[in-house]
Structures are given as structure tokens and as C-alpha cells.
Amino acid sequence: MTDVPRLAEGYEISTDPDRIDAGRVHRWLSTDAYWALGRAREKQDRAIAGSLNFGVYDTASGEQVGYARVVTDRATFAWLCDVYVDPAVRGKGLGTALAAAVREELRPYGVRRIMLATHDAHEVYAKVGFAALERPDQWMALSFE
């Protein structure tokens, strides 16, 4: 898939780590994201530090309105996680544009696979080429929780 969804007017996406509002990201995820409820700030800061981070910003105010992070070796594998768009700006296609930005950022590295897990946003990711696992029986996970 090569289509890149158009980012809504008035917004930009950046991978500049200095622009990430870590406090805002922690607040969003630890209080409103089902997969990260209660996540400690120190743990979130370590996750940010060890990942490729994407921010969505309002171009007029510079305020961060969305976030995604990718755990990757930039060679063979990537895991897209912690994707969040502020409720005040949802419905503008920012989540889809963010997923597409991740795909396009990683494409030049020849990453073979980008994985993600979602409970309720399958249609967002399907728009940029994500699909259910063809062979889920081949995948396993080790969980400490």
C-alpha cells in the first residue's frame, strides 16, 4: 500500500524527540488509554526514551494533540504502540495519518513487519494496510502480568 492519507489542515507530525510533551503523553495514557491505565510516569519516560516517537501538533499553537511510539531495530521488526489522539481533535483522520507516518518513516529501512495490537481501532489501521495475522497460531507472547 502506498497511499499516504492527507494530514488535516492545521496539523503536523514530527519525530523530533525534543517536541514530545512527556507529561501530556503520560496523562493521556495513564488516565484514558485502556492498555496503559495507571502506568507510572517513570515507566512512561523510559518507554519514550527507548522508542521512536511521533507527535501530532497543532501548527497554530504548537500544542501536541497526538502521539505514537514505535519499538524497533530499524532493520527487521517494529511494534507500533501507545497511539493516542486527544479526544478534542478526534474524527479528523489524525490517527490514520499518524499510522501512515509510522509506515512511511520505517519503509526506507526495509523493516519486514510492523505489528500492533488494538481492541477497538482496527478500521483506523486497516486504512493504511494493517491486517489481522494470517497465521496467528505461529505467534506467542510471554506476559509478566
# chains A, B, ... in the order shown; residues from 1 in each chain; ligands from 1

call {"tool": "closest_atom_pairs", "arguments": {"of": "region 9-45 of chain A", "to": "region 74-84 of chain A", "cutoff": "8 Å", "atoms": "only C-alpha atoms", "output": "tab-separated table"}}
result
residue	atom	partner	partner_atom	distance
A:Trp28	CA	A:Tyr84	CA	7.5
A:Leu29	CA	A:Asp82	CA	7.4
A:Ala33	CA	A:Tyr84	CA	7.7

call {"tool": "residues_around", "arguments": {"residues": "Ala101 (chain A)", "least_positions_apart": "4", "cutoff": "10 Å", "atoms": "only C-alpha atoms", "output": "PyMOL selection string"}}
result
chain A and resi 4-5+7+13-15+54+68+95-97+105-107+128

call {"tool": "residues_around", "arguments": {"residues": "His122 (chain A)", "least_positions_apart": "5", "cutoff": "12 Å", "atoms": "only C-alpha atoms", "output": "PyMOL selection string"}}
result
chain A and resi 95-96+99+116-117+127-132

call {"tool": "write_last_selection", "arguments": {"atoms": "N, CA, C and O atoms", "output": "mmCIF file, in the first residue's frame"}}
result
data_model
loop_
_atom_site.group_PDB
_atom_site.id
_atom_site.type_symbol
_atom_site.label_atom_id
_atom_site.label_comp_id
_atom_site.auth_asym_id
_atom_site.auth_seq_id
_atom_site.Cartn_x
_atom_site.Cartn_y
_atom_site.Cartn_z
ATOM 1 N N GLY A 95 -5.399 9.963 13.602
ATOM 2 C CA GLY A 95 -4.889 8.638 13.943
ATOM 3 C C GLY A 95 -4.436 7.875 12.711
ATOM 4 O O GLY A 95 -3.383 7.239 12.710
ATOM 5 N N THR A 96 -5.233 7.958 11.647
ATOM 6 C CA THR A 96 -4.863 7.288 10.399
ATOM 7 C C THR A 96 -3.602 7.912 9.816
ATOM 8 O O THR A 96 -2.693 7.202 9.374
ATOM 9 N N ALA A 99 -0.608 6.685 11.813
ATOM 10 C CA ALA A 99 -0.213 5.318 11.449
ATOM 11 C C ALA A 99 0.497 5.300 10.104
ATOM 12 O O ALA A 99 1.483 4.577 9.920
ATOM 13 N N LEU A 116 1.072 -4.480 15.727
ATOM 14 C CA LEU A 116 0.353 -3.685 16.707
ATOM 15 C C LEU A 116 -0.755 -4.533 17.282
ATOM 16 O O LEU A 116 -1.089 -5.583 16.737
ATOM 17 N N ALA A 117 -1.298 -4.081 18.370
ATOM 18 C CA ALA A 117 -2.467 -4.719 18.971
ATOM 19 C C ALA A 117 -3.480 -3.625 19.246
ATOM 20 O O ALA A 117 -3.119 -2.533 19.695
ATOM 21 N N LYS A 127 -6.888 1.149 7.118
ATOM 22 C CA LYS A 127 -6.808 2.172 6.068
ATOM 23 C C LYS A 127 -5.385 2.364 5.540
ATOM 24 O O LYS A 127 -5.207 2.868 4.434
ATOM 25 N N VAL A 128 -4.396 1.978 6.327
ATOM 26 C CA VAL A 128 -3.006 2.143 5.882
ATOM 27 C C VAL A 128 -2.301 0.803 5.669
ATOM 28 O O VAL A 128 -1.082 0.746 5.565
ATOM 29 N N GLY A 129 -3.097 -0.266 5.601
ATOM 30 C CA GLY A 129 -2.538 -1.553 5.213
ATOM 31 C C GLY A 129 -2.412 -2.609 6.286
ATOM 32 O O GLY A 129 -2.028 -3.744 5.994
ATOM 33 N N PHE A 130 -2.688 -2.301 7.535
ATOM 34 C CA PHE A 130 -2.614 -3.310 8.582
ATOM 35 C C PHE A 130 -3.749 -4.314 8.398
ATOM 36 O O PHE A 130 -4.849 -3.956 7.983
ATOM 37 N N ALA A 131 -3.490 -5.582 8.709
ATOM 38 C CA ALA A 131 -4.488 -6.634 8.595
ATOM 39 C C ALA A 131 -4.286 -7.620 9.743
ATOM 40 O O ALA A 131 -3.212 -7.674 10.355
ATOM 41 N N ALA A 132 -5.306 -8.413 9.984
ATOM 42 C CA ALA A 132 -5.199 -9.458 11.005
ATOM 43 C C ALA A 132 -4.076 -10.417 10.620
ATOM 44 O O ALA A 132 -3.757 -10.580 9.437
#

call {"tool": "atom_distance", "arguments": {"atom1": "CA of Val70 (chain A)", "atom2": "CA of Arg112 (chain A)"}}
result
14.2 Å

call {"tool": "closest_residue", "arguments": {"among": "A:Glu104, A:Glu123, A:Asp73, A:Asp58", "to": "Val89 (chain A)", "atoms": "only C-alpha atoms"}}
result
A:Asp58

call {"tool": "atom_distance", "arguments": {"atom1": "CA of Met140 (chain A)", "atom2": "CA of Ala36 (chain A)"}}
result
21.0 Å

call {"tool": "decode", "arguments": {"residues": "region 75-105 of chain A", "atoms": "N, CA, C and O atoms", "output": "PDB file, in the first residue's frame"}}
result
ATOM      1  N   ALA A  75      15.505  -2.373  11.290  1.00  0.00           N
ATOM      2  CA  ALA A  75      16.092  -3.293  10.320  1.00  0.00           C
ATOM      3  C   ALA A  75      15.105  -4.380   9.912  1.00  0.00           C
ATOM      4  O   ALA A  75      14.890  -4.600   8.730  1.00  0.00           O
ATOM      5  N   THR A  76      14.513  -5.053  10.904  1.00  0.00           N
ATOM      6  CA  THR A  76      13.655  -6.192  10.573  1.00  0.00           C
ATOM      7  C   THR A  76      12.264  -6.137  11.182  1.00  0.00           C
ATOM      8  O   THR A  76      11.345  -6.759  10.673  1.00  0.00           O
ATOM      9  N   PHE A  77      12.091  -5.404  12.281  1.00  0.00           N
ATOM     10  CA  PHE A  77      10.838  -5.508  13.026  1.00  0.00           C
ATOM     11  C   PHE A  77      10.500  -4.194  13.705  1.00  0.00           C
ATOM     12  O   PHE A  77      11.387  -3.454  14.129  1.00  0.00           O
ATOM     13  N   ALA A  78       9.195  -3.943  13.853  1.00  0.00           N
ATOM     14  CA  ALA A  78       8.731  -2.780  14.602  1.00  0.00           C
ATOM     15  C   ALA A  78       7.402  -3.111  15.270  1.00  0.00           C
ATOM     16  O   ALA A  78       6.605  -3.885  14.744  1.00  0.00           O
ATOM     17  N   TRP A  79       7.198  -2.526  16.413  1.00  0.00           N
ATOM     18  CA  TRP A  79       5.942  -2.664  17.137  1.00  0.00           C
ATOM     19  C   TRP A  79       5.396  -1.256  17.353  1.00  0.00           C
ATOM     20  O   TRP A  79       6.023  -0.431  18.011  1.00  0.00           O
ATOM     21  N   LEU A  80       4.253  -0.972  16.779  1.00  0.00           N
ATOM     22  CA  LEU A  80       3.569   0.310  16.932  1.00  0.00           C
ATOM     23  C   LEU A  80       2.689   0.227  18.169  1.00  0.00           C
ATOM     24  O   LEU A  80       1.876  -0.699  18.304  1.00  0.00           O
ATOM     25  N   CYS A  81       2.867   1.186  19.078  1.00  0.00           N
ATOM     26  CA  CYS A  81       2.108   1.131  20.326  1.00  0.00           C
ATOM     27  C   CYS A  81       1.847   2.538  20.860  1.00  0.00           C
ATOM     28  O   CYS A  81       2.359   3.527  20.342  1.00  0.00           O
ATOM     29  N   ASP A  82       1.037   2.597  21.890  1.00  0.00           N
ATOM     30  CA  ASP A  82       0.715   3.852  22.577  1.00  0.00           C
ATOM     31  C   ASP A  82       0.198   4.930  21.627  1.00  0.00           C
ATOM     32  O   ASP A  82       0.501   6.114  21.789  1.00  0.00           O
ATOM     33  N   VAL A  83      -0.598   4.533  20.648  1.00  0.00           N
ATOM     34  CA  VAL A  83      -1.180   5.503  19.722  1.00  0.00           C
ATOM     35  C   VAL A  83      -2.363   6.174  20.416  1.00  0.00           C
ATOM     36  O   VAL A  83      -3.265   5.497  20.913  1.00  0.00           O
ATOM     37  N   TYR A  84      -2.322   7.510  20.449  1.00  0.00           N
ATOM     38  CA  TYR A  84      -3.369   8.258  21.157  1.00  0.00           C
ATOM     39  C   TYR A  84      -3.589   9.592  20.464  1.00  0.00           C
ATOM     40  O   TYR A  84      -2.624  10.287  20.142  1.00  0.00           O
ATOM     41  N   VAL A  85      -4.854   9.940  20.271  1.00  0.00           N
ATOM     42  CA  VAL A  85      -5.229  11.255  19.752  1.00  0.00           C
ATOM     43  C   VAL A  85      -6.134  11.906  20.779  1.00  0.00           C
ATOM     44  O   VAL A  85      -7.099  11.283  21.260  1.00  0.00           O
ATOM     45  N   ASP A  86      -5.837  13.151  21.124  1.00  0.00           N
ATOM     46  CA  ASP A  86      -6.636  13.886  22.099  1.00  0.00           C
ATOM     47  C   ASP A  86      -8.108  13.860  21.695  1.00  0.00           C
ATOM     48  O   ASP A  86      -8.435  14.103  20.525  1.00  0.00           O
ATOM     49  N   PRO A  87      -9.006  13.553  22.632  1.00  0.00           N
ATOM     50  CA  PRO A  87     -10.430  13.489  22.303  1.00  0.00           C
ATOM     51  C   PRO A  87     -10.973  14.757  21.629  1.00  0.00           C
ATOM     52  O   PRO A  87     -11.880  14.680  20.809  1.00  0.00           O
ATOM     53  N   ALA A  88     -10.404  15.912  21.945  1.00  0.00           N
ATOM     54  CA  ALA A  88     -10.893  17.174  21.379  1.00  0.00           C
ATOM     55  C   ALA A  88     -10.670  17.282  19.876  1.00  0.00           C
ATOM     56  O   ALA A  88     -11.331  18.091  19.214  1.00  0.00           O
ATOM     57  N   VAL A  89      -9.751  16.481  19.322  1.00  0.00           N
ATOM     58  CA  VAL A  89      -9.463  16.573  17.883  1.00  0.00           C
ATOM     59  C   VAL A  89      -9.692  15.255  17.147  1.00  0.00           C
ATOM     60  O   VAL A  89      -9.292  15.108  15.994  1.00  0.00           O
ATOM     61  N   ARG A  90     -10.347  14.316  17.788  1.00  0.00           N
ATOM     62  CA  ARG A  90     -10.649  13.046  17.116  1.00  0.00           C
ATOM     63  C   ARG A  90     -11.664  13.278  16.005  1.00  0.00           C
ATOM     64  O   ARG A  90     -12.415  14.243  16.020  1.00  0.00           O
ATOM     65  N   GLY A  91     -11.656  12.374  15.038  1.00  0.00           N
ATOM     66  CA  GLY A  91     -12.589  12.469  13.930  1.00  0.00           C
ATOM     67  C   GLY A  91     -12.051  13.258  12.749  1.00  0.00           C
ATOM     68  O   GLY A  91     -12.750  13.462  11.760  1.00  0.00           O
ATOM     69  N   LYS A  92     -10.805  13.687  12.826  1.00  0.00           N
ATOM     70  CA  LYS A  92     -10.179  14.457  11.748  1.00  0.00           C
ATOM     71  C   LYS A  92      -9.185  13.621  10.942  1.00  0.00           C
ATOM     72  O   LYS A  92      -8.438  14.149  10.135  1.00  0.00           O
ATOM     73  N   GLY A  93      -9.118  12.334  11.213  1.00  0.00           N
ATOM     74  CA  GLY A  93      -8.191  11.460  10.500  1.00  0.00           C
ATOM     75  C   GLY A  93      -6.772  11.514  11.016  1.00  0.00           C
ATOM     76  O   GLY A  93      -5.854  11.003  10.357  1.00  0.00           O
ATOM     77  N   LEU A  94      -6.558  12.106  12.179  1.00  0.00           N
ATOM     78  CA  LEU A  94      -5.198  12.235  12.705  1.00  0.00           C
ATOM     79  C   LEU A  94      -4.594  10.877  13.079  1.00  0.00           C
ATOM     80  O   LEU A  94      -3.404  10.659  12.873  1.00  0.00           O
ATOM     81  N   GLY A  95      -5.399   9.963  13.602  1.00  0.00           N
ATOM     82  CA  GLY A  95      -4.889   8.638  13.943  1.00  0.00           C
ATOM     83  C   GLY A  95      -4.436   7.875  12.711  1.00  0.00           C
ATOM     84  O   GLY A  95      -3.383   7.239  12.710  1.00  0.00           O
ATOM     85  N   THR A  96      -5.233   7.958  11.647  1.00  0.00           N
ATOM     86  CA  THR A  96      -4.863   7.288  10.399  1.00  0.00           C
ATOM     87  C   THR A  96      -3.602   7.912   9.816  1.00  0.00           C
ATOM     88  O   THR A  96      -2.693   7.202   9.374  1.00  0.00           O
ATOM     89  N   ALA A  97      -3.529   9.238   9.828  1.00  0.00           N
ATOM     90  CA  ALA A  97      -2.335   9.922   9.315  1.00  0.00           C
ATOM     91  C   ALA A  97      -1.108   9.566  10.144  1.00  0.00           C
ATOM     92  O   ALA A  97      -0.005   9.407   9.609  1.00  0.00           O
ATOM     93  N   LEU A  98      -1.285   9.414  11.436  1.00  0.00           N
ATOM     94  CA  LEU A  98      -0.184   9.043  12.324  1.00  0.00           C
ATOM     95  C   LEU A  98       0.312   7.629  12.001  1.00  0.00           C
ATOM     96  O   LEU A  98       1.524   7.399  11.883  1.00  0.00           O
ATOM     97  N   ALA A  99      -0.608   6.685  11.813  1.00  0.00           N
ATOM     98  CA  ALA A  99      -0.213   5.318  11.449  1.00  0.00           C
ATOM     99  C   ALA A  99       0.497   5.300  10.104  1.00  0.00           C
ATOM    100  O   ALA A  99       1.483   4.577   9.920  1.00  0.00           O
ATOM    101  N   ALA A 100       0.024   6.104   9.161  1.00  0.00           N
ATOM    102  CA  ALA A 100       0.683   6.182   7.850  1.00  0.00           C
ATOM    103  C   ALA A 100       2.070   6.794   7.969  1.00  0.00           C
ATOM    104  O   ALA A 100       3.012   6.365   7.290  1.00  0.00           O
ATOM    105  N   ALA A 101       2.232   7.780   8.838  1.00  0.00           N
ATOM    106  CA  ALA A 101       3.542   8.404   9.038  1.00  0.00           C
ATOM    107  C   ALA A 101       4.536   7.394   9.595  1.00  0.00           C
ATOM    108  O   ALA A 101       5.707   7.369   9.193  1.00  0.00           O
ATOM    109  N   VAL A 102       4.079   6.544  10.495  1.00  0.00           N
ATOM    110  CA  VAL A 102       4.932   5.487  11.031  1.00  0.00           C
ATOM    111  C   VAL A 102       5.363   4.558   9.898  1.00  0.00           C
ATOM    112  O   VAL A 102       6.547   4.251   9.739  1.00  0.00           O
ATOM    113  N   ARG A 103       4.403   4.123   9.105  1.00  0.00           N
ATOM    114  CA  ARG A 103       4.704   3.228   7.977  1.00  0.00           C
ATOM    115  C   ARG A 103       5.732   3.852   7.044  1.00  0.00           C
ATOM    116  O   ARG A 103       6.712   3.217   6.664  1.00  0.00           O
ATOM    117  N   GLU A 104       5.540   5.115   6.698  1.00  0.00           N
ATOM    118  CA  GLU A 104       6.433   5.779   5.752  1.00  0.00           C
ATOM    119  C   GLU A 104       7.803   6.059   6.351  1.00  0.00           C
ATOM    120  O   GLU A 104       8.809   6.017   5.641  1.00  0.00           O
ATOM    121  N   GLU A 105       7.867   6.321   7.635  1.00  0.00           N
ATOM    122  CA  GLU A 105       9.155   6.538   8.303  1.00  0.00           C
ATOM    123  C   GLU A 105       9.991   5.256   8.291  1.00  0.00           C
ATOM    124  O   GLU A 105      11.205   5.297   8.114  1.00  0.00           O
TER     125      GLU A 105
END
